[in-house]
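Trainee: Structure supplied as query38.cif; contents: mmCIF, N, CA and C atoms.
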data_coords
loop_
_atom_site.label_atom_id
_atom_site.label_comp_id
_atom_site.auth_asym_id
_atom_site.auth_seq_id
_atom_site.Cartn_x
_atom_site.Cartn_y
_atom_site.Cartn_z
N MET A 7 106.21 91.63 79.59
CA MET A 7 105.55 92.90 79.85
C MET A 7 104.98 92.87 81.28
N LEU A 8 104.88 94.02 81.87
CA LEU A 8 104.46 94.12 83.26
C LEU A 8 103.05 93.56 83.48
N LYS A 9 102.14 93.83 82.58
CA LYS A 9 100.77 93.35 82.75
C LYS A 9 100.73 91.82 82.78
N ASP A 10 101.47 91.17 81.90
CA ASP A 10 101.52 89.71 81.88
C ASP A 10 102.11 89.16 83.17
N TYR A 11 103.16 89.82 83.67
CA TYR A 11 103.80 89.41 84.92
C TYR A 11 102.79 89.49 86.07
N LEU A 12 102.06 90.60 86.15
CA LEU A 12 101.09 90.77 87.24
C LEU A 12 99.92 89.81 87.10
N GLU A 13 99.46 89.56 85.88
CA GLU A 13 98.36 88.61 85.68
C GLU A 13 98.78 87.20 86.12
N GLY A 14 100.04 86.85 85.88
CA GLY A 14 100.54 85.56 86.33
C GLY A 14 100.53 85.45 87.85
N LEU A 15 100.88 86.54 88.51
CA LEU A 15 100.87 86.55 89.97
C LEU A 15 99.45 86.51 90.53
N ILE A 16 98.53 87.17 89.85
CA ILE A 16 97.12 87.15 90.29
C ILE A 16 96.60 85.72 90.29
N LYS A 17 97.05 84.92 89.36
CA LYS A 17 96.61 83.52 89.29
C LYS A 17 97.06 82.71 90.50
N GLU A 18 98.04 83.21 91.24
CA GLU A 18 98.50 82.54 92.45
C GLU A 18 97.62 82.83 93.66
N LEU A 19 96.74 83.82 93.54
CA LEU A 19 95.82 84.15 94.63
C LEU A 19 94.79 83.05 94.81
N GLN A 20 94.23 82.97 96.00
CA GLN A 20 93.10 82.08 96.23
C GLN A 20 91.96 82.55 95.33
N PRO A 21 91.10 81.63 94.87
CA PRO A 21 90.01 82.03 93.96
C PRO A 21 89.17 83.20 94.47
N LYS A 22 88.87 83.23 95.77
CA LYS A 22 88.04 84.34 96.29
C LYS A 22 88.78 85.67 96.15
N ASN A 23 90.12 85.66 96.32
CA ASN A 23 90.88 86.89 96.16
C ASN A 23 91.05 87.26 94.68
N GLN A 24 91.08 86.26 93.80
CA GLN A 24 91.11 86.55 92.37
C GLN A 24 89.82 87.27 91.97
N ARG A 25 88.69 86.76 92.47
CA ARG A 25 87.40 87.41 92.17
C ARG A 25 87.36 88.82 92.76
N LEU A 26 87.90 88.97 93.97
CA LEU A 26 87.89 90.26 94.64
C LEU A 26 88.71 91.29 93.86
N ILE A 27 89.93 90.94 93.49
CA ILE A 27 90.75 91.92 92.78
C ILE A 27 90.17 92.24 91.41
N ASN A 28 89.63 91.24 90.72
CA ASN A 28 89.03 91.50 89.41
C ASN A 28 87.81 92.39 89.53
N ALA A 29 87.01 92.21 90.56
CA ALA A 29 85.85 93.08 90.78
C ALA A 29 86.30 94.50 91.09
N ARG A 30 87.31 94.62 91.94
CA ARG A 30 87.81 95.96 92.30
C ARG A 30 88.45 96.65 91.11
N LEU A 31 89.18 95.91 90.31
CA LEU A 31 89.79 96.51 89.13
C LEU A 31 88.73 96.98 88.14
N GLY A 32 87.63 96.25 88.08
CA GLY A 32 86.54 96.64 87.18
C GLY A 32 85.90 97.97 87.57
N ARG A 33 85.99 98.30 88.85
CA ARG A 33 85.41 99.55 89.34
C ARG A 33 86.45 100.63 89.60
N LEU A 34 87.73 100.31 89.41
CA LEU A 34 88.81 101.22 89.75
C LEU A 34 88.85 102.42 88.82
N LYS A 35 88.91 103.58 89.40
CA LYS A 35 89.11 104.82 88.66
C LYS A 35 90.53 105.27 88.97
N SER A 36 91.37 105.35 87.97
CA SER A 36 92.76 105.75 88.21
C SER A 36 92.84 107.22 88.53
N VAL A 37 93.56 107.48 89.60
CA VAL A 37 93.83 108.85 90.01
C VAL A 37 95.34 108.98 90.10
N PHE A 38 95.89 109.87 89.30
CA PHE A 38 97.34 110.03 89.27
C PHE A 38 97.85 110.32 90.66
N PRO A 39 98.91 109.68 91.16
CA PRO A 39 99.75 108.73 90.45
C PRO A 39 99.33 107.27 90.68
N PHE A 40 98.23 107.03 91.38
CA PHE A 40 97.81 105.67 91.70
C PHE A 40 97.09 105.08 90.50
N THR A 41 97.62 103.98 89.98
CA THR A 41 97.06 103.38 88.78
C THR A 41 96.68 101.93 89.05
N GLU A 42 96.13 101.30 88.04
CA GLU A 42 95.76 99.89 88.13
C GLU A 42 96.97 99.02 88.48
N TYR A 43 98.11 99.31 87.85
CA TYR A 43 99.31 98.51 88.13
C TYR A 43 99.70 98.61 89.60
N GLU A 44 99.71 99.82 90.13
CA GLU A 44 100.08 100.00 91.52
C GLU A 44 99.09 99.30 92.44
N TYR A 45 97.82 99.34 92.09
CA TYR A 45 96.81 98.68 92.90
C TYR A 45 97.05 97.17 92.93
N VAL A 46 97.31 96.60 91.78
CA VAL A 46 97.56 95.15 91.69
C VAL A 46 98.79 94.78 92.52
N ILE A 47 99.86 95.55 92.37
CA ILE A 47 101.09 95.27 93.10
C ILE A 47 100.84 95.32 94.61
N MET A 48 100.15 96.33 95.08
CA MET A 48 99.86 96.45 96.52
C MET A 48 98.95 95.32 96.99
N PHE A 49 97.96 94.95 96.20
CA PHE A 49 97.04 93.87 96.57
C PHE A 49 97.80 92.56 96.71
N LEU A 50 98.65 92.25 95.73
CA LEU A 50 99.45 91.02 95.78
C LEU A 50 100.36 91.01 97.00
N PHE A 51 100.94 92.15 97.32
CA PHE A 51 101.81 92.26 98.49
C PHE A 51 101.00 92.04 99.77
N SER A 52 99.83 92.64 99.84
CA SER A 52 99.01 92.53 101.06
C SER A 52 98.50 91.10 101.28
N LYS A 53 98.37 90.32 100.22
CA LYS A 53 97.88 88.94 100.33
C LYS A 53 99.03 87.94 100.43
N GLY A 54 100.26 88.42 100.48
CA GLY A 54 101.41 87.53 100.65
C GLY A 54 101.83 86.78 99.41
N ILE A 55 101.32 87.16 98.25
CA ILE A 55 101.70 86.50 97.00
C ILE A 55 103.11 86.93 96.60
N ILE A 56 103.45 88.17 96.84
CA ILE A 56 104.80 88.64 96.59
C ILE A 56 105.40 89.14 97.89
N LYS A 57 106.68 88.98 98.02
CA LYS A 57 107.43 89.47 99.18
C LYS A 57 107.93 90.88 98.86
N PHE A 58 108.57 91.51 99.85
CA PHE A 58 109.00 92.90 99.66
C PHE A 58 109.93 93.04 98.46
N ARG A 59 110.85 92.12 98.28
CA ARG A 59 111.79 92.21 97.15
C ARG A 59 111.03 92.18 95.82
N GLN A 60 110.04 91.27 95.70
CA GLN A 60 109.25 91.20 94.47
C GLN A 60 108.40 92.47 94.30
N TYR A 61 107.88 92.97 95.42
CA TYR A 61 107.12 94.23 95.41
C TYR A 61 108.00 95.34 94.84
N PHE A 62 109.21 95.45 95.37
CA PHE A 62 110.15 96.48 94.94
C PHE A 62 110.49 96.32 93.46
N GLU A 63 110.76 95.09 93.02
CA GLU A 63 111.07 94.83 91.62
C GLU A 63 109.90 95.19 90.72
N ALA A 64 108.68 94.86 91.15
CA ALA A 64 107.49 95.19 90.35
C ALA A 64 107.31 96.70 90.24
N ILE A 65 107.56 97.42 91.33
CA ILE A 65 107.46 98.88 91.29
C ILE A 65 108.50 99.45 90.33
N LEU A 66 109.72 98.90 90.36
CA LEU A 66 110.75 99.37 89.43
C LEU A 66 110.34 99.10 87.98
N LYS A 67 109.78 97.91 87.72
CA LYS A 67 109.30 97.59 86.37
C LYS A 67 108.21 98.58 85.95
N TYR A 68 107.34 98.90 86.89
CA TYR A 68 106.26 99.84 86.62
C TYR A 68 106.83 101.23 86.28
N ILE A 69 107.80 101.68 87.06
CA ILE A 69 108.39 103.00 86.81
C ILE A 69 109.08 103.02 85.45
N ILE A 70 109.84 101.98 85.14
CA ILE A 70 110.51 101.91 83.84
C ILE A 70 109.49 101.87 82.71
N PHE A 71 108.43 101.05 82.89
CA PHE A 71 107.37 100.94 81.88
C PHE A 71 106.74 102.31 81.62
N CYS A 72 106.40 103.02 82.69
CA CYS A 72 105.75 104.33 82.53
C CYS A 72 106.69 105.34 81.90
N HIS A 73 107.96 105.32 82.29
CA HIS A 73 108.91 106.27 81.74
C HIS A 73 109.09 106.05 80.24
N PHE A 74 109.32 104.81 79.83
CA PHE A 74 109.55 104.55 78.42
C PHE A 74 108.29 104.70 77.60
N GLU A 75 107.14 104.42 78.19
CA GLU A 75 105.89 104.62 77.47
C GLU A 75 105.71 106.11 77.17
N SER A 76 106.00 106.97 78.14
CA SER A 76 105.85 108.41 77.91
C SER A 76 106.88 108.91 76.90
N VAL A 77 108.08 108.34 76.91
CA VAL A 77 109.10 108.73 75.94
C VAL A 77 108.68 108.33 74.54
N ILE A 78 108.16 107.12 74.40
CA ILE A 78 107.73 106.63 73.10
C ILE A 78 106.59 107.47 72.54
N TYR A 79 105.59 107.79 73.38
CA TYR A 79 104.44 108.53 72.89
C TYR A 79 104.71 110.02 72.73
N SER A 80 105.78 110.52 73.33
CA SER A 80 106.06 111.94 73.18
C SER A 80 107.17 112.20 72.17
N ALA A 81 107.68 111.14 71.54
CA ALA A 81 108.75 111.29 70.55
C ALA A 81 108.23 112.05 69.33
N PRO A 82 109.05 112.94 68.81
CA PRO A 82 108.62 113.68 67.61
C PRO A 82 108.52 112.76 66.41
N ASP A 83 107.64 113.11 65.49
CA ASP A 83 107.47 112.32 64.26
C ASP A 83 108.60 112.53 63.30
#
Could you express the structure from this file as structure tokens?

Mentor:
Amino acid sequence: MLKDYLEGLIKELQPKNQRLINARLGRLKSVFPFTEYEYVIMFLFSKGIIKFRQYFEAILKYIIFCHFESVIYSAPD
């Protein structure tokens, strides 16, 4: 799952950056279309934990996750 993947990458950050992202996520207010997932992906990219290819793959996973989540929750009973 995308959240597990991102949490694994966060663990690769230096401890001070782990504390920083966790503090920021605790105060983050999602504003469409910018969400917690996008924030984490951009933060990891800015700190050099992921390269552009991994950034792109994470964004694709996020898009697929959001699309299928909306399909699942909007499916008729």

Trainee: Enter the distance from CA of Ile47 in chain A to CA of Ala64 in chain A, in Å, rounded to one decimal.

Mentor: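 For CA of Ile47 in chain A relative to CA of Ala64 in chain A, the distance reads 7.0 Å.
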
Trainee: Identify all residues satisfying the PyMOL selection byres (((chain A and resi 60 and name CA) around 12) and name CA) in the given file; provide them as a PyMOL selection string.

Mentor: chain A and resi 11-12+15+47-48+50-51+54-59+61-67

Trainee: What gap, in Å, lies between CA of Lys22 in chain A and CA of Tyr45 in chain A?

Mentor: 17.1 Å

Trainee: How far is it from atom N of Ile70 in chain A to atom N of Gly14 in chain A, in Å with one decimal?

Mentor: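 Rounded to one decimal, the two atoms are 18.0 Å apart.
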